[in-house]
Each structure stands twice: as C-alpha cells, then as structure tokens.
Amino acid sequence: MSSHPKLGIIAGNGRFPFLVLDAARAQGYEVVVAAIKEETSPEIESRGAAAVHWLSLGELSKLIETFHREGVTRAVMAGQVKHKQIFSSIRPDWKLAKLLLSLTTRNTDSLLGAVAKVLADEGITLENSTALLEPLLVKSGVLTRRGPSEAERKNVDYGRTVARGLGQFDIGQTVVIAESACVSVEAMEGTDATIERAGQIMASLDPAASTLARSLTVVKIAKPKQDMRFDVPVVGVKTIAVMRKAGATCLALDAGKCLLIDGDAVVRAADDAGIALLAE
C-alpha cells in the first residue's frame with residue numbers, strides 16, 4: 001500500500017495534463033490518469049503516472065469504476081476537450097445519456113458541472129487543477145518590456161467589456177479588437193483560430209478605404225462564473241506566435257486566473273515579437 005495520497009487526473013488534450021501530472025508527482029501524489037482516447041497524447045504513458053487508463057469521451061460509468069477500483073477519491077480535470085467533440089464524437093453510456101437529458105442548457109460549463117456533481121455523488125471530489133499550478137498563474141501588471149500604447153489601452157478596456165458580457169452566456173473567453181471595434185469573438189473554435197480569423201479579416205480590408213488601424217489587441221478573460229476546476233484560460237508560446245502572424249500587438253489577461261502554460265518563455269516570446277502583455 002502506497003503511503004502517498006492518490007490523485008486522479010482526467011486528461012484532455014494539449015500540454016496542460018502533463019504540467020498537472022508533473023506538478024502532482026513533485027508534490028508527492030501517486031497519480032492515476034484517466035486518458036480520453038479522442039483527446040489525450042499517447043506520451044502521457046511515459047510520464048511517471050502510477051497507472052494510465054484509456055477511455056472514450058462518453059464513458060462516464062467506466063471513469064467512475066476505474067477511479068473506484070484504483071481507490072481515487074480526489075481528482076482534477078486537466079486539458080481541454082474540444083467543444084465540437086462533446087457534441088459530435090460522443091457516444092454516451094447510460095449514465096452520461098441520462099445526464100445529458102437532464103440538462104436545460106448544453107454549454108460546456110453546465111455539462112462539466114453536472115459531471116462534477118455525478119463524481120461527487122460517487123465519492124470522488126473534483127478539485128481545482130490550478131491549485132497544483134499556482135506558480136504559473138499570471139501575476140498582475142505589465143509583464144513585458146513594453147506596456148500598452150494609448151490606443152491599445154482603449155482596445156483592452158473595450159475588449160474587457162465585450163468579453164465579460166459574452167462570458168455571462170458561456171461564449172468563449174477571447175475577443176480581438178481593433179480601434180475599439182470587435183473584429184472576432186471566440187465560440188467553439190478556440191483562441192488561436194479566433195486570432196487567426198481576426199488577422200484574415202484585417203488582411204482582407206482595402207488599405208486605402210479602411211478606417212481601422214491594422215494592429216489587433218487580444219483580450220482573454222476568465223468568465224464571470226469561471227469554474228476553475230476545468231476550462232482554465234491558458235496562454236502559451238504558440239498563442240504569441242499566432243498573434244505575431246495575425247498582426248496582433250497587445251495581449252490582456254485576467255490576473256490570477258489565467259495560466260501561462262510555458263511560464264517565462266511566454267513573456268520572452270512576447271518581448272521578441274514586440275507584443276505588450278499585461279494582466280489585471
């Protein structure tokens with residue numbers, strides 16, 4: 001019998017599950033991973049977890065059985081499940097089908113919240129994944145050498161108002177602004193695609209006729225009722241690369257509620273690209 005406390009990780013896509021796994025092991029946890037076949041990188045097998053169990057997105061009963069068998073009573077969700085997957089690729093088992101039928105709204109938050117409640121009823125507490133990753137939560141202030149210009153500051157203020165309004169309806173976390181006009185809004189496609197679309201829209205404008213300045217400001221927020229047990233806003237080096245390509249010059253985040261998944265490398269990448277990065 002291991003003397004270490006056990007922690008279950010329900011792993012989605014991207015690097016986030018790896019960060020949580022590494023942090024949990026460093027803090028002395030014995031980690032049992034429930035990896036989602038449609039989402040999780042196979043590399044998760046080689047990162048020192050005590051056990052890795054593969055299951056499909058719709059297999060809620062199997063998830064519960066696996067954690068019971070492993071003696072897991074505390075778990076975290078780490079990594080996204082693509083919104084489209086939840087509504088298209090899913091073949092729900094009876095437990096999840098019952099849950100889906102009980103929902104009045106089918107947005108991601110209500111679905112994951114309901115899953116969390118089912119797990120709690122089965123003796124498995126879902127905790128904040130960020131609790132293990134406090135050092136990566138973005139600190140308040142201007143993080144880059146360059147702070148926002150006056151025009152970028154206006155974009156940030158306007159973007160926050162728009163994003164917070166949309167956040168009440170559980171629509172995305174990201175808006176892209178130019179000259180205090182909203183160029184693109186995140187829905188199911190994710191942050192990078194939202195930024196890319198804004199870049200394409202700006203590139204399509206007639207330079208002679210357009211009154212909009214070309215530079216874009218990206219505002220990414222935690223939703224007003226953001227459940228930090230899952231769907232934590234995340235920014236990485238890739239986000240900065242996508243911004244650079246799209247012609248975005250400023251990124252504003254919510255302090256203490258957004259993870260810099262690559263740590264200081266994000267700030268260095270922003271400095272290299274001349275992008276202002278701030279958190280409030």
# chains A, B, ... in the order shown; residues from 1 in each chain; ligands from 1
$ select_by_dssp --residues "segment 193-256 of chain A" --states "strand (DSSP E)" --output "ChimeraX atom specification"
/A:216-220,234-235,248-253
$ write_last_selection --atoms "N, CA and C atoms" --output "CSV table (one decimal), in the first residue's frame"
chain,number,residue,atom,x,y,z
A,216,LEU,N,-4.0,44.6,-33.9
A,216,LEU,CA,-5.0,44.0,-33.2
A,216,LEU,C,-4.6,43.8,-31.7
A,217,THR,N,-5.6,43.9,-30.8
A,217,THR,CA,-5.4,43.7,-29.4
A,217,THR,C,-6.3,42.5,-29.0
A,218,VAL,N,-5.6,41.5,-28.4
A,218,VAL,CA,-6.3,40.3,-27.9
A,218,VAL,C,-6.6,40.4,-26.4
A,219,VAL,N,-7.9,40.2,-26.1
A,219,VAL,CA,-8.3,40.2,-24.7
A,219,VAL,C,-8.8,38.8,-24.3
A,220,LYS,N,-8.2,38.2,-23.3
A,220,LYS,CA,-8.7,36.8,-22.9
A,220,LYS,C,-9.0,36.9,-21.4
A,234,VAL,N,-5.9,29.5,-20.7
A,234,VAL,CA,-4.4,29.1,-20.9
A,234,VAL,C,-3.8,29.9,-22.0
A,235,VAL,N,-2.6,30.4,-21.8
A,235,VAL,CA,-1.9,31.1,-22.9
A,235,VAL,C,-0.5,30.4,-22.9
A,248,ALA,N,-1.2,41.0,-34.3
A,248,ALA,CA,-1.7,41.5,-33.0
A,248,ALA,C,-0.6,42.0,-32.2
A,249,THR,N,-0.7,43.1,-31.5
A,249,THR,CA,0.4,43.8,-30.8
A,249,THR,C,0.2,43.8,-29.3
A,250,CYS,N,-0.9,43.4,-28.8
A,250,CYS,CA,-1.2,43.5,-27.4
A,250,CYS,C,-2.0,42.4,-26.9
A,251,LEU,N,-1.7,41.8,-25.7
A,251,LEU,CA,-2.5,40.7,-25.1
A,251,LEU,C,-2.8,41.1,-23.7
A,252,ALA,N,-4.1,41.1,-23.3
A,252,ALA,CA,-4.5,41.4,-22.0
A,252,ALA,C,-5.2,40.2,-21.4
A,253,LEU,N,-4.8,39.8,-20.1
A,253,LEU,CA,-5.3,38.6,-19.4
A,253,LEU,C,-5.9,39.0,-18.1
$ residues_around --residues "segment 57-67 of chain A" --least-positions-apart "6" --cutoff "10 Å" --atoms "only C-alpha atoms" --output "PyMOL selection string"
chain A and resi 7-10+12+32-39+73-75+81+85-86+89-97+99+115+118-119+122-124
$ write_last_selection --atoms "N, CA, C and O atoms" --output "CSV table (one decimal), in the first residue's frame"
chain,number,residue,atom,x,y,z
A,7,LEU,N,-4.2,10.8,-6.5
A,7,LEU,CA,-4.9,11.8,-7.2
A,7,LEU,C,-5.2,11.3,-8.6
A,7,LEU,O,-4.4,10.8,-9.3
A,8,GLY,N,-6.5,11.5,-9.0
A,8,GLY,CA,-6.9,11.1,-10.3
A,8,GLY,C,-6.8,12.3,-11.2
A,8,GLY,O,-7.1,13.5,-10.8
A,9,ILE,N,-6.3,12.1,-12.4
A,9,ILE,CA,-6.3,13.2,-13.4
A,9,ILE,C,-7.1,12.8,-14.6
A,9,ILE,O,-6.8,11.7,-15.2
A,10,ILE,N,-8.1,13.5,-14.9
A,10,ILE,CA,-8.9,13.3,-16.2
A,10,ILE,C,-8.3,14.1,-17.2
A,10,ILE,O,-8.4,15.4,-17.2
A,12,GLY,N,-7.3,15.7,-20.8
A,12,GLY,CA,-7.8,16.1,-22.2
A,12,GLY,C,-6.6,16.3,-23.1
A,12,GLY,O,-5.5,15.7,-22.9
A,32,VAL,N,-3.1,8.6,-10.8
A,32,VAL,CA,-3.8,7.7,-11.7
A,32,VAL,C,-4.5,8.6,-12.8
A,32,VAL,O,-5.3,9.5,-12.5
A,33,VAL,N,-4.1,8.3,-14.0
A,33,VAL,CA,-4.6,9.1,-15.2
A,33,VAL,C,-5.7,8.4,-15.9
A,33,VAL,O,-5.6,7.2,-16.2
A,34,ALA,N,-6.8,9.1,-16.1
A,34,ALA,CA,-7.9,8.6,-16.9
A,34,ALA,C,-7.7,9.4,-18.2
A,34,ALA,O,-8.0,10.6,-18.2
A,35,ALA,N,-7.2,8.8,-19.3
A,35,ALA,CA,-6.9,9.5,-20.5
A,35,ALA,C,-8.0,9.3,-21.5
A,35,ALA,O,-8.5,8.2,-21.7
A,36,ILE,N,-8.4,10.4,-22.2
A,36,ILE,CA,-9.5,10.4,-23.1
A,36,ILE,C,-9.0,10.0,-24.5
A,36,ILE,O,-8.2,10.7,-25.1
A,37,LYS,N,-9.4,8.9,-25.0
A,37,LYS,CA,-8.9,8.3,-26.3
A,37,LYS,C,-8.9,9.4,-27.4
A,37,LYS,O,-8.0,9.5,-28.2
A,38,GLU,N,-10.0,10.2,-27.5
A,38,GLU,CA,-10.2,11.1,-28.6
A,38,GLU,C,-9.3,12.3,-28.4
A,38,GLU,O,-9.2,13.2,-29.3
A,39,GLU,N,-8.7,12.5,-27.3
A,39,GLU,CA,-8.0,13.8,-27.0
A,39,GLU,C,-6.6,13.7,-26.5
A,39,GLU,O,-5.7,14.5,-26.9
A,73,THR,N,-10.2,9.2,-4.6
A,73,THR,CA,-11.3,10.0,-4.1
A,73,THR,C,-11.2,11.5,-4.4
A,73,THR,O,-12.1,12.2,-4.2
A,74,ARG,N,-10.0,11.8,-4.9
A,74,ARG,CA,-9.8,13.2,-5.3
A,74,ARG,C,-9.3,13.3,-6.8
A,74,ARG,O,-8.4,12.5,-7.1
A,75,ALA,N,-9.8,14.1,-7.6
A,75,ALA,CA,-9.4,14.2,-9.0
A,75,ALA,C,-9.4,15.6,-9.5
A,75,ALA,O,-10.1,16.5,-8.9
A,81,VAL,N,-11.2,19.4,-23.7
A,81,VAL,CA,-11.9,18.5,-24.6
A,81,VAL,C,-12.5,19.5,-25.7
A,81,VAL,O,-13.2,20.4,-25.3
A,85,GLN,N,-16.1,18.1,-30.0
A,85,GLN,CA,-16.1,16.7,-29.6
A,85,GLN,C,-17.2,16.3,-28.7
A,85,GLN,O,-17.9,15.3,-28.8
A,86,ILE,N,-17.5,17.2,-27.8
A,86,ILE,CA,-18.5,17.0,-26.7
A,86,ILE,C,-19.9,16.8,-27.4
A,86,ILE,O,-20.7,16.0,-27.0
A,89,SER,N,-18.6,13.8,-31.3
A,89,SER,CA,-17.9,12.5,-31.3
A,89,SER,C,-18.4,11.6,-30.2
A,89,SER,O,-18.0,10.4,-30.1
A,90,ILE,N,-19.2,12.2,-29.3
A,90,ILE,CA,-19.5,11.5,-28.1
A,90,ILE,C,-20.6,10.3,-28.3
A,90,ILE,O,-21.5,10.5,-29.0
A,91,ARG,N,-20.3,9.1,-27.8
A,91,ARG,CA,-21.3,8.1,-27.8
A,91,ARG,C,-21.5,7.8,-26.3
A,91,ARG,O,-20.8,7.0,-25.7
A,92,PRO,N,-22.6,8.4,-25.8
A,92,PRO,CA,-22.7,8.4,-24.3
A,92,PRO,C,-23.2,7.0,-23.8
A,92,PRO,O,-24.0,6.3,-24.4
A,93,ASP,N,-22.6,6.6,-22.7
A,93,ASP,CA,-23.1,5.4,-22.0
A,93,ASP,C,-24.4,5.8,-21.3
A,93,ASP,O,-24.8,7.0,-21.3
A,94,TRP,N,-25.0,4.9,-20.6
A,94,TRP,CA,-26.3,5.2,-20.0
A,94,TRP,C,-26.3,6.3,-19.0
A,94,TRP,O,-27.1,7.1,-18.9
A,95,LYS,N,-25.2,6.3,-18.2
A,95,LYS,CA,-25.1,7.3,-17.1
A,95,LYS,C,-24.9,8.7,-17.7
A,95,LYS,O,-25.6,9.7,-17.3
A,96,LEU,N,-24.1,8.8,-18.8
A,96,LEU,CA,-23.9,10.2,-19.4
A,96,LEU,C,-25.2,10.6,-20.2
A,96,LEU,O,-25.5,11.7,-20.2
A,97,ALA,N,-25.8,9.6,-20.8
A,97,ALA,CA,-27.0,9.9,-21.6
A,97,ALA,C,-28.1,10.5,-20.7
A,97,ALA,O,-28.8,11.5,-21.0
A,99,LEU,N,-27.6,12.0,-17.9
A,99,LEU,CA,-27.1,13.3,-17.5
A,99,LEU,C,-27.4,14.4,-18.6
A,99,LEU,O,-27.9,15.4,-18.3
A,115,VAL,N,-21.2,16.7,-14.6
A,115,VAL,CA,-20.3,15.6,-14.5
A,115,VAL,C,-19.6,15.6,-13.1
A,115,VAL,O,-19.5,14.6,-12.4
A,118,VAL,N,-22.0,14.3,-10.5
A,118,VAL,CA,-22.1,12.9,-10.5
A,118,VAL,C,-20.9,12.2,-9.8
A,118,VAL,O,-21.0,11.3,-9.0
A,119,LEU,N,-19.7,12.8,-10.1
A,119,LEU,CA,-18.5,12.2,-9.5
A,119,LEU,C,-18.6,12.4,-8.0
A,119,LEU,O,-18.2,11.5,-7.2
A,122,GLU,N,-20.6,10.0,-6.3
A,122,GLU,CA,-19.9,8.7,-6.2
A,122,GLU,C,-18.7,8.7,-5.3
A,122,GLU,O,-17.8,7.8,-5.4
A,123,GLY,N,-18.5,9.8,-4.6
A,123,GLY,CA,-17.4,9.8,-3.6
A,123,GLY,C,-16.1,10.3,-4.2
A,123,GLY,O,-15.0,10.1,-3.6
A,124,ILE,N,-16.1,11.0,-5.4
A,124,ILE,CA,-14.9,11.5,-6.0
A,124,ILE,C,-15.0,13.0,-6.1
A,124,ILE,O,-15.9,13.5,-6.8
$ atom_distance --atom1 "atom CA of Ala265 of chain A" --atom2 "atom CA of Gly28 of chain A"
26.3 Å
$ closest_residue --among "A:Gly247, A:Gly71, A:Gly236, A:Gly159" --to "Val266 of chain A" --atoms "only C-alpha atoms"
A:Gly236
$ select_by_dssp --residues "segment 2-191 of chain A" --states "helix (DSSP H, G or I)" --output "ChimeraX atom specification"
/A:16-26,42-46,60-70,83-88,94-102,108-121,129-136,150-167,191
$ atom_distance --atom1 "atom CA of Asp264 of chain A" --atom2 "atom CA of Leu137 of chain A"
11.2 Å
$ decode --residues "segment 159-180 of chain A" --atoms "N, CA and C atoms" --output "mmCIF file, in the first residue's frame"
data_model
loop_
_atom_site.group_PDB
_atom_site.id
_atom_site.type_symbol
_atom_site.label_atom_id
_atom_site.label_comp_id
_atom_site.auth_asym_id
_atom_site.auth_seq_id
_atom_site.Cartn_x
_atom_site.Cartn_y
_atom_site.Cartn_z
ATOM 1 N N GLY A 159 -12.467 45.766 -25.003
ATOM 2 C CA GLY A 159 -12.477 44.307 -25.143
ATOM 3 C C GLY A 159 -12.928 43.606 -23.877
ATOM 4 N N ARG A 160 -12.505 44.117 -22.734
ATOM 5 C CA ARG A 160 -12.920 43.513 -21.457
ATOM 6 C C ARG A 160 -14.435 43.616 -21.271
ATOM 7 N N THR A 161 -14.992 44.775 -21.631
ATOM 8 C CA THR A 161 -16.442 44.975 -21.514
ATOM 9 C C THR A 161 -17.191 43.968 -22.388
ATOM 10 N N VAL A 162 -16.723 43.819 -23.634
ATOM 11 C CA VAL A 162 -17.359 42.882 -24.571
ATOM 12 C C VAL A 162 -17.220 41.444 -24.065
ATOM 13 N N ALA A 163 -15.993 41.066 -23.686
ATOM 14 C CA ALA A 163 -15.720 39.690 -23.271
ATOM 15 C C ALA A 163 -16.508 39.319 -22.015
ATOM 16 N N ARG A 164 -16.610 40.270 -21.074
ATOM 17 C CA ARG A 164 -17.354 39.971 -19.848
ATOM 18 C C ARG A 164 -18.845 39.801 -20.145
ATOM 19 N N GLY A 165 -19.352 40.602 -21.076
ATOM 20 C CA GLY A 165 -20.757 40.462 -21.483
ATOM 21 C C GLY A 165 -21.009 39.094 -22.096
ATOM 22 N N LEU A 166 -20.132 38.681 -23.016
ATOM 23 C CA LEU A 166 -20.284 37.382 -23.680
ATOM 24 C C LEU A 166 -20.074 36.233 -22.691
ATOM 25 N N GLY A 167 -19.166 36.453 -21.727
ATOM 26 C CA GLY A 167 -18.843 35.420 -20.745
ATOM 27 C C GLY A 167 -20.042 35.002 -19.913
ATOM 28 N N GLN A 168 -20.987 35.922 -19.723
ATOM 29 C CA GLN A 168 -22.188 35.597 -18.946
ATOM 30 C C GLN A 168 -23.015 34.515 -19.640
ATOM 31 N N PHE A 169 -22.847 34.416 -20.964
ATOM 32 C CA PHE A 169 -23.597 33.409 -21.725
ATOM 33 C C PHE A 169 -22.736 32.177 -22.019
ATOM 34 N N ASP A 170 -21.564 32.097 -21.375
ATOM 35 C CA ASP A 170 -20.641 30.971 -21.584
ATOM 36 C C ASP A 170 -20.236 30.867 -23.054
ATOM 37 N N ILE A 171 -19.981 32.021 -23.675
ATOM 38 C CA ILE A 171 -19.478 32.031 -25.055
ATOM 39 C C ILE A 171 -18.022 32.481 -25.002
ATOM 40 N N GLY A 172 -17.118 31.547 -25.195
ATOM 41 C CA GLY A 172 -15.702 31.876 -25.352
ATOM 42 C C GLY A 172 -15.079 32.669 -24.220
ATOM 43 N N GLN A 173 -13.785 32.887 -24.352
ATOM 44 C CA GLN A 173 -13.036 33.671 -23.365
ATOM 45 C C GLN A 173 -12.253 34.785 -24.047
ATOM 46 N N THR A 174 -12.250 34.797 -25.383
ATOM 47 C CA THR A 174 -11.344 35.685 -26.118
ATOM 48 C C THR A 174 -12.098 36.563 -27.111
ATOM 49 N N VAL A 175 -11.718 37.840 -27.140
ATOM 50 C CA VAL A 175 -12.184 38.744 -28.204
ATOM 51 C C VAL A 175 -10.961 39.445 -28.790
ATOM 52 N N VAL A 176 -11.054 39.804 -30.066
ATOM 53 C CA VAL A 176 -9.960 40.517 -30.731
ATOM 54 C C VAL A 176 -10.506 41.859 -31.215
ATOM 55 N N ILE A 177 -9.793 42.919 -30.840
ATOM 56 C CA ILE A 177 -10.274 44.289 -31.038
ATOM 57 C C ILE A 177 -9.291 45.082 -31.906
ATOM 58 N N ALA A 178 -9.832 45.962 -32.746
ATOM 59 C CA ALA A 178 -9.013 46.951 -33.468
ATOM 60 C C ALA A 178 -9.754 48.279 -33.434
ATOM 61 N N GLU A 179 -9.075 49.341 -33.018
ATOM 62 C CA GLU A 179 -9.687 50.684 -32.976
ATOM 63 C C GLU A 179 -11.025 50.667 -32.233
ATOM 64 N N SER A 180 -11.079 50.004 -31.103
ATOM 65 C CA SER A 180 -12.302 49.886 -30.299
ATOM 66 C C SER A 180 -13.474 49.309 -31.088
#
